[in-house]
Amino acid sequence: MIKPIVKNKLRITRHKRNRKNISGTSTVPRLYIFKSLKNLYVNLVDDKSGNSLISVSTLKTDTSDIVNEIVKKADILGIKKLVFDKSGYKFHGRIKIIADELRSKGLNF
């Protein structure tokens with residue numbers, strides 16, 4: 001069995017390798033997801049200026065409300081297209097649910 005510390009180091013290595021090819025702009029921001037043991041954090045980031053455009057987490061909202069908050073705030077900013085950054089996580093579980101929900105709400109990536 002792989003120890004949790006080693007698994008996180010492998011995830012970070014995958015994340016760094018994939019980030020070389022992914023960057024967001026103000027019109028097409030990067031959707032960044034981070035999972036802790038209890039909470040989920042989703043950010044829309046403009047890598048050109050280094051600003052976080054939208055930030056939503058499960059600290060104050062439910063998991064089901066994250067997608068609605070992102071869509072509402074992205075609509076205010078006029079964002080329809082995203083670059084998806086799964087941060088080295090596998091594309092299953094909560095990551096896949098969020099991606100599928102965002103696609104069904106009209107965001108393209």
# chains A, B, ... in the order shown; residues from 1 in each chain; ligands from 1
call {"tool": "select_by_dssp", "arguments": {"residues": "chain A", "states": "helix (DSSP H, G or I)", "output": "JSON list (two decimals) with N, CA, C and O atoms, in the first residue's frame"}}
result
[["chain", "number", "residue", "atom", "x", "y", "z"],
["A", 4, "PRO", "N", 0.13, 7.80, 2.38],
["A", 4, "PRO", "CA", -0.53, 9.04, 1.95],
["A", 4, "PRO", "C", 0.45, 10.14, 1.57],
["A", 4, "PRO", "O", 0.18, 10.92, 0.66],
["A", 5, "ILE", "N", 1.60, 10.22, 2.24],
["A", 5, "ILE", "CA", 2.57, 11.27, 1.93],
["A", 5, "ILE", "C", 3.13, 11.06, 0.53],
["A", 5, "ILE", "O", 3.28, 12.00, -0.25],
["A", 6, "VAL", "N", 3.42, 9.81, 0.19],
["A", 6, "VAL", "CA", 3.95, 9.50, -1.14],
["A", 6, "VAL", "C", 2.89, 9.75, -2.20],
["A", 6, "VAL", "O", 3.20, 10.28, -3.28],
["A", 7, "LYS", "N", 1.64, 9.41, -1.93],
["A", 7, "LYS", "CA", 0.56, 9.64, -2.88],
["A", 7, "LYS", "C", 0.41, 11.13, -3.19],
["A", 7, "LYS", "O", 0.18, 11.52, -4.33],
["A", 8, "ASN", "N", 0.52, 11.98, -2.17],
["A", 8, "ASN", "CA", 0.40, 13.42, -2.39],
["A", 8, "ASN", "C", 1.58, 13.95, -3.18],
["A", 8, "ASN", "O", 1.41, 14.83, -4.03],
["A", 9, "LYS", "N", 2.77, 13.43, -2.94],
["A", 9, "LYS", "CA", 3.94, 13.86, -3.72],
["A", 9, "LYS", "C", 3.77, 13.48, -5.19],
["A", 9, "LYS", "O", 4.13, 14.24, -6.08],
["A", 10, "LEU", "N", 3.22, 12.29, -5.44],
["A", 10, "LEU", "CA", 2.97, 11.87, -6.82],
["A", 10, "LEU", "C", 1.92, 12.77, -7.47],
["A", 10, "LEU", "O", 2.03, 13.13, -8.64],
["A", 11, "ARG", "N", 0.88, 13.16, -6.72],
["A", 11, "ARG", "CA", -0.15, 14.06, -7.24],
["A", 11, "ARG", "C", 0.44, 15.42, -7.59],
["A", 11, "ARG", "O", 0.16, 15.99, -8.64],
["A", 12, "ILE", "N", 1.30, 15.92, -6.71],
["A", 12, "ILE", "CA", 1.93, 17.22, -6.96],
["A", 12, "ILE", "C", 2.83, 17.15, -8.19],
["A", 12, "ILE", "O", 2.88, 18.09, -8.99],
["A", 13, "THR", "N", 3.52, 16.05, -8.37],
["A", 13, "THR", "CA", 4.37, 15.87, -9.55],
["A", 13, "THR", "C", 3.52, 15.87, -10.82],
["A", 13, "THR", "O", 3.87, 16.52, -11.81],
["A", 14, "ARG", "N", 2.38, 15.17, -10.81],
["A", 14, "ARG", "CA", 1.47, 15.18, -11.96],
["A", 14, "ARG", "C", 0.93, 16.58, -12.21],
["A", 14, "ARG", "O", 0.82, 17.02, -13.36],
["A", 15, "HIS", "N", 0.61, 17.29, -11.13],
["A", 15, "HIS", "CA", 0.06, 18.64, -11.26],
["A", 15, "HIS", "C", 1.09, 19.58, -11.91],
["A", 15, "HIS", "O", 0.76, 20.33, -12.82],
["A", 16, "LYS", "N", 2.33, 19.53, -11.46],
["A", 16, "LYS", "CA", 3.37, 20.39, -12.03],
["A", 16, "LYS", "C", 3.62, 20.06, -13.50],
["A", 16, "LYS", "O", 3.83, 20.96, -14.32],
["A", 17, "ARG", "N", 3.59, 18.79, -13.83],
["A", 17, "ARG", "CA", 3.83, 18.37, -15.21],
["A", 17, "ARG", "C", 2.71, 18.88, -16.12],
["A", 17, "ARG", "O", 2.96, 19.34, -17.23],
["A", 18, "ASN", "N", 1.47, 18.81, -15.67],
["A", 18, "ASN", "CA", 0.35, 19.27, -16.48],
["A", 18, "ASN", "C", 0.24, 20.78, -16.55],
["A", 18, "ASN", "O", -0.26, 21.33, -17.52],
["A", 19, "ARG", "N", 0.67, 21.49, -15.51],
["A", 19, "ARG", "CA", 0.57, 22.95, -15.47],
["A", 19, "ARG", "C", 1.47, 23.63, -16.49],
["A", 19, "ARG", "O", 1.27, 24.78, -16.83],
["A", 63, "THR", "N", -21.72, 21.19, -1.20],
["A", 63, "THR", "CA", -21.08, 20.74, -2.43],
["A", 63, "THR", "C", -21.97, 20.99, -3.63],
["A", 63, "THR", "O", -21.49, 21.37, -4.70],
["A", 64, "SER", "N", -23.25, 20.83, -3.47],
["A", 64, "SER", "CA", -24.18, 21.04, -4.59],
["A", 64, "SER", "C", -24.29, 22.51, -4.97],
["A", 64, "SER", "O", -24.61, 22.83, -6.11],
["A", 65, "ASP", "N", -24.04, 23.40, -4.03],
["A", 65, "ASP", "CA", -24.15, 24.84, -4.31],
["A", 65, "ASP", "C", -22.91, 25.41, -4.98],
["A", 65, "ASP", "O", -22.95, 26.53, -5.49],
["A", 66, "ILE", "N", -21.80, 24.67, -4.98],
["A", 66, "ILE", "CA", -20.56, 25.17, -5.58],
["A", 66, "ILE", "C", -20.77, 25.47, -7.06],
["A", 66, "ILE", "O", -20.37, 26.52, -7.56],
["A", 67, "VAL", "N", -21.37, 24.54, -7.77],
["A", 67, "VAL", "CA", -21.56, 24.71, -9.21],
["A", 67, "VAL", "C", -22.46, 25.90, -9.50],
["A", 67, "VAL", "O", -22.16, 26.71, -10.38],
["A", 68, "ASN", "N", -23.55, 26.05, -8.74],
["A", 68, "ASN", "CA", -24.44, 27.19, -8.95],
["A", 68, "ASN", "C", -23.74, 28.51, -8.69],
["A", 68, "ASN", "O", -23.95, 29.48, -9.42],
["A", 69, "GLU", "N", -22.91, 28.58, -7.66],
["A", 69, "GLU", "CA", -22.16, 29.81, -7.35],
["A", 69, "GLU", "C", -21.19, 30.15, -8.47],
["A", 69, "GLU", "O", -21.07, 31.30, -8.87],
["A", 70, "ILE", "N", -20.47, 29.14, -8.98],
["A", 70, "ILE", "CA", -19.50, 29.38, -10.05],
["A", 70, "ILE", "C", -20.21, 29.87, -11.31],
["A", 70, "ILE", "O", -19.77, 30.84, -11.94],
["A", 71, "VAL", "N", -21.30, 29.22, -11.67],
["A", 71, "VAL", "CA", -22.03, 29.61, -12.89],
["A", 71, "VAL", "C", -22.59, 31.02, -12.75],
["A", 71, "VAL", "O", -22.50, 31.83, -13.68],
["A", 72, "LYS", "N", -23.12, 31.34, -11.58],
["A", 72, "LYS", "CA", -23.69, 32.68, -11.35],
["A", 72, "LYS", "C", -22.61, 33.76, -11.44],
["A", 72, "LYS", "O", -22.78, 34.77, -12.12],
["A", 73, "LYS", "N", -21.47, 33.53, -10.79],
["A", 73, "LYS", "CA", -20.40, 34.53, -10.79],
["A", 73, "LYS", "C", -19.72, 34.61, -12.16],
["A", 73, "LYS", "O", -19.32, 35.70, -12.60],
["A", 74, "ALA", "N", -19.59, 33.47, -12.87],
["A", 74, "ALA", "CA", -19.00, 33.49, -14.21],
["A", 74, "ALA", "C", -19.90, 34.22, -15.19],
["A", 74, "ALA", "O", -19.41, 34.92, -16.09],
["A", 75, "ASP", "N", -21.20, 34.10, -15.02],
["A", 75, "ASP", "CA", -22.14, 34.80, -15.89],
["A", 75, "ASP", "C", -22.03, 36.31, -15.68],
["A", 75, "ASP", "O", -22.13, 37.08, -16.64],
["A", 76, "ILE", "N", -21.84, 36.73, -14.44],
["A", 76, "ILE", "CA", -21.66, 38.17, -14.16],
["A", 76, "ILE", "C", -20.41, 38.70, -14.84],
["A", 76, "ILE", "O", -20.40, 39.80, -15.40],
["A", 77, "LEU", "N", -19.32, 37.90, -14.84],
["A", 77, "LEU", "CA", -18.07, 38.32, -15.47],
["A", 77, "LEU", "C", -18.06, 38.08, -16.98],
["A", 77, "LEU", "O", -17.12, 38.47, -17.65],
["A", 94, "ARG", "N", -15.83, 13.36, -7.04],
["A", 94, "ARG", "CA", -16.28, 14.75, -6.91],
["A", 94, "ARG", "C", -15.78, 15.63, -8.05],
["A", 94, "ARG", "O", -16.48, 16.55, -8.49],
["A", 95, "ILE", "N", -14.56, 15.34, -8.56],
["A", 95, "ILE", "CA", -14.00, 16.12, -9.67],
["A", 95, "ILE", "C", -14.87, 15.95, -10.92],
["A", 95, "ILE", "O", -15.23, 16.92, -11.58],
["A", 96, "LYS", "N", -15.23, 14.71, -11.23],
["A", 96, "LYS", "CA", -16.04, 14.44, -12.41],
["A", 96, "LYS", "C", -17.44, 15.02, -12.26],
["A", 96, "LYS", "O", -18.00, 15.55, -13.22],
["A", 97, "ILE", "N", -18.02, 14.93, -11.07],
["A", 97, "ILE", "CA", -19.36, 15.47, -10.85],
["A", 97, "ILE", "C", -19.38, 16.98, -11.09],
["A", 97, "ILE", "O", -20.27, 17.50, -11.75],
["A", 98, "ILE", "N", -18.38, 17.69, -10.56],
["A", 98, "ILE", "CA", -18.31, 19.13, -10.76],
["A", 98, "ILE", "C", -18.15, 19.47, -12.24],
["A", 98, "ILE", "O", -18.81, 20.36, -12.77],
["A", 99, "ALA", "N", -17.26, 18.75, -12.94],
["A", 99, "ALA", "CA", -17.04, 19.01, -14.36],
["A", 99, "ALA", "C", -18.31, 18.76, -15.18],
["A", 99, "ALA", "O", -18.68, 19.59, -16.04],
["A", 100, "ASP", "N", -18.99, 17.66, -14.91],
["A", 100, "ASP", "CA", -20.22, 17.36, -15.65],
["A", 100, "ASP", "C", -21.32, 18.38, -15.36],
["A", 100, "ASP", "O", -22.06, 18.78, -16.27],
["A", 101, "GLU", "N", -21.44, 18.81, -14.11],
["A", 101, "GLU", "CA", -22.45, 19.81, -13.75],
["A", 101, "GLU", "C", -22.16, 21.15, -14.43],
["A", 101, "GLU", "O", -23.07, 21.81, -14.92],
["A", 102, "LEU", "N", -20.88, 21.56, -14.47],
["A", 102, "LEU", "CA", -20.53, 22.82, -15.11],
["A", 102, "LEU", "C", -20.82, 22.77, -16.61],
["A", 102, "LEU", "O", -21.27, 23.74, -17.19],
["A", 103, "ARG", "N", -20.53, 21.62, -17.22],
["A", 103, "ARG", "CA", -20.83, 21.47, -18.65],
["A", 103, "ARG", "C", -22.33, 21.53, -18.91],
["A", 103, "ARG", "O", -22.78, 22.13, -19.88],
["A", 104, "SER", "N", -23.11, 20.91, -18.02],
["A", 104, "SER", "CA", -24.57, 20.93, -18.22],
["A", 104, "SER", "C", -25.17, 22.31, -17.99],
["A", 104, "SER", "O", -26.21, 22.63, -18.54]]
call {"tool": "select_by_dssp", "arguments": {"residues": "chain A", "states": "strand (DSSP E)", "output": "list in words"}}
result
Arg30, Leu31, Tyr32, Ile33, Phe34, Lys35, Leu40, Tyr41, Val42, Asn43, Leu44, Val45, Asp46, Asn51, Ser52, Leu53, Ile54, Ser55, Val56, Ser57, Val83, Phe84 and Asp85 of chain A
call {"tool": "write_last_selection", "arguments": {"atoms": "N, CA, C and O atoms", "output": "PDB file, in the first residue's frame"}}
result
ATOM      1  N   ARG A  30      -8.539  29.650 -15.884  1.00  0.00           N
ATOM      2  CA  ARG A  30      -8.252  28.271 -15.496  1.00  0.00           C
ATOM      3  C   ARG A  30      -9.107  27.917 -14.287  1.00  0.00           C
ATOM      4  O   ARG A  30      -9.117  28.618 -13.285  1.00  0.00           O
ATOM      5  N   LEU A  31      -9.858  26.817 -14.383  1.00  0.00           N
ATOM      6  CA  LEU A  31     -10.664  26.312 -13.277  1.00  0.00           C
ATOM      7  C   LEU A  31      -9.774  25.375 -12.474  1.00  0.00           C
ATOM      8  O   LEU A  31      -9.410  24.310 -12.940  1.00  0.00           O
ATOM      9  N   TYR A  32      -9.428  25.782 -11.269  1.00  0.00           N
ATOM     10  CA  TYR A  32      -8.499  25.052 -10.410  1.00  0.00           C
ATOM     11  C   TYR A  32      -9.270  24.424  -9.257  1.00  0.00           C
ATOM     12  O   TYR A  32     -10.052  25.094  -8.598  1.00  0.00           O
ATOM     13  N   ILE A  33      -9.060  23.119  -9.026  1.00  0.00           N
ATOM     14  CA  ILE A  33      -9.759  22.410  -7.962  1.00  0.00           C
ATOM     15  C   ILE A  33      -8.737  21.872  -6.973  1.00  0.00           C
ATOM     16  O   ILE A  33      -7.713  21.310  -7.363  1.00  0.00           O
ATOM     17  N   PHE A  34      -9.019  22.063  -5.667  1.00  0.00           N
ATOM     18  CA  PHE A  34      -8.198  21.475  -4.604  1.00  0.00           C
ATOM     19  C   PHE A  34      -9.113  20.749  -3.636  1.00  0.00           C
ATOM     20  O   PHE A  34     -10.151  21.273  -3.245  1.00  0.00           O
ATOM     21  N   LYS A  35      -8.736  19.530  -3.282  1.00  0.00           N
ATOM     22  CA  LYS A  35      -9.519  18.736  -2.341  1.00  0.00           C
ATOM     23  C   LYS A  35      -8.713  18.553  -1.065  1.00  0.00           C
ATOM     24  O   LYS A  35      -7.562  18.149  -1.110  1.00  0.00           O
ATOM     25  N   LEU A  40     -13.737  21.147  -0.289  1.00  0.00           N
ATOM     26  CA  LEU A  40     -13.416  21.245  -1.694  1.00  0.00           C
ATOM     27  C   LEU A  40     -13.324  22.727  -2.047  1.00  0.00           C
ATOM     28  O   LEU A  40     -14.188  23.511  -1.666  1.00  0.00           O
ATOM     29  N   TYR A  41     -12.269  23.113  -2.752  1.00  0.00           N
ATOM     30  CA  TYR A  41     -12.044  24.507  -3.119  1.00  0.00           C
ATOM     31  C   TYR A  41     -11.971  24.597  -4.634  1.00  0.00           C
ATOM     32  O   TYR A  41     -11.234  23.843  -5.263  1.00  0.00           O
ATOM     33  N   VAL A  42     -12.723  25.524  -5.224  1.00  0.00           N
ATOM     34  CA  VAL A  42     -12.743  25.710  -6.668  1.00  0.00           C
ATOM     35  C   VAL A  42     -12.473  27.183  -6.945  1.00  0.00           C
ATOM     36  O   VAL A  42     -13.128  28.064  -6.387  1.00  0.00           O
ATOM     37  N   ASN A  43     -11.490  27.446  -7.814  1.00  0.00           N
ATOM     38  CA  ASN A  43     -11.110  28.818  -8.146  1.00  0.00           C
ATOM     39  C   ASN A  43     -11.057  28.985  -9.652  1.00  0.00           C
ATOM     40  O   ASN A  43     -10.677  28.065 -10.372  1.00  0.00           O
ATOM     41  N   LEU A  44     -11.398  30.171 -10.121  1.00  0.00           N
ATOM     42  CA  LEU A  44     -11.139  30.566 -11.500  1.00  0.00           C
ATOM     43  C   LEU A  44      -9.999  31.565 -11.458  1.00  0.00           C
ATOM     44  O   LEU A  44     -10.096  32.598 -10.796  1.00  0.00           O
ATOM     45  N   VAL A  45      -8.910  31.248 -12.158  1.00  0.00           N
ATOM     46  CA  VAL A  45      -7.679  32.012 -12.036  1.00  0.00           C
ATOM     47  C   VAL A  45      -7.267  32.578 -13.385  1.00  0.00           C
ATOM     48  O   VAL A  45      -7.296  31.880 -14.402  1.00  0.00           O
ATOM     49  N   ASP A  46      -6.867  33.845 -13.391  1.00  0.00           N
ATOM     50  CA  ASP A  46      -6.253  34.488 -14.547  1.00  0.00           C
ATOM     51  C   ASP A  46      -4.743  34.418 -14.341  1.00  0.00           C
ATOM     52  O   ASP A  46      -4.193  35.137 -13.517  1.00  0.00           O
ATOM     53  N   ASN A  51      -4.321  36.846 -10.824  1.00  0.00           N
ATOM     54  CA  ASN A  51      -5.471  37.125  -9.963  1.00  0.00           C
ATOM     55  C   ASN A  51      -6.443  35.955  -9.948  1.00  0.00           C
ATOM     56  O   ASN A  51      -6.627  35.278 -10.950  1.00  0.00           O
ATOM     57  N   SER A  52      -7.089  35.774  -8.806  1.00  0.00           N
ATOM     58  CA  SER A  52      -8.177  34.809  -8.696  1.00  0.00           C
ATOM     59  C   SER A  52      -9.470  35.553  -8.981  1.00  0.00           C
ATOM     60  O   SER A  52      -9.830  36.489  -8.268  1.00  0.00           O
ATOM     61  N   LEU A  53     -10.180  35.146 -10.032  1.00  0.00           N
ATOM     62  CA  LEU A  53     -11.396  35.839 -10.436  1.00  0.00           C
ATOM     63  C   LEU A  53     -12.594  35.407  -9.588  1.00  0.00           C
ATOM     64  O   LEU A  53     -13.395  36.232  -9.180  1.00  0.00           O
ATOM     65  N   ILE A  54     -12.714  34.100  -9.344  1.00  0.00           N
ATOM     66  CA  ILE A  54     -13.820  33.553  -8.569  1.00  0.00           C
ATOM     67  C   ILE A  54     -13.256  32.505  -7.625  1.00  0.00           C
ATOM     68  O   ILE A  54     -12.417  31.705  -8.014  1.00  0.00           O
ATOM     69  N   SER A  55     -13.711  32.506  -6.389  1.00  0.00           N
ATOM     70  CA  SER A  55     -13.287  31.512  -5.415  1.00  0.00           C
ATOM     71  C   SER A  55     -14.497  31.026  -4.637  1.00  0.00           C
ATOM     72  O   SER A  55     -15.224  31.824  -4.058  1.00  0.00           O
ATOM     73  N   VAL A  56     -14.714  29.705  -4.644  1.00  0.00           N
ATOM     74  CA  VAL A  56     -15.838  29.096  -3.939  1.00  0.00           C
ATOM     75  C   VAL A  56     -15.328  27.859  -3.220  1.00  0.00           C
ATOM     76  O   VAL A  56     -14.488  27.132  -3.743  1.00  0.00           O
ATOM     77  N   SER A  57     -15.808  27.633  -1.994  1.00  0.00           N
ATOM     78  CA  SER A  57     -15.404  26.441  -1.255  1.00  0.00           C
ATOM     79  C   SER A  57     -16.590  25.886  -0.476  1.00  0.00           C
ATOM     80  O   SER A  57     -17.624  26.536  -0.337  1.00  0.00           O
ATOM     81  N   VAL A  83     -10.536  26.682 -18.913  1.00  0.00           N
ATOM     82  CA  VAL A  83      -9.500  25.666 -19.043  1.00  0.00           C
ATOM     83  C   VAL A  83      -9.545  24.863 -17.753  1.00  0.00           C
ATOM     84  O   VAL A  83      -9.424  25.424 -16.672  1.00  0.00           O
ATOM     85  N   PHE A  84      -9.753  23.541 -17.835  1.00  0.00           N
ATOM     86  CA  PHE A  84      -9.962  22.707 -16.658  1.00  0.00           C
ATOM     87  C   PHE A  84      -8.633  22.186 -16.137  1.00  0.00           C
ATOM     88  O   PHE A  84      -7.865  21.571 -16.858  1.00  0.00           O
ATOM     89  N   ASP A  85      -8.354  22.437 -14.859  1.00  0.00           N
ATOM     90  CA  ASP A  85      -7.138  21.978 -14.190  1.00  0.00           C
ATOM     91  C   ASP A  85      -7.562  21.106 -13.022  1.00  0.00           C
ATOM     92  O   ASP A  85      -8.040  21.602 -12.009  1.00  0.00           O
TER      93      ASP A  85
END
call {"tool": "atom_distance", "arguments": {"atom1": "atom CA of Lys48 of chain A", "atom2": "atom CA of Gly24 of chain A"}}
result
7.0 Å
call {"tool": "atom_distance", "arguments": {"atom1": "atom CA of Ile79 of chain A", "atom2": "atom CA of Lys38 of chain A"}}
result
28.7 Å
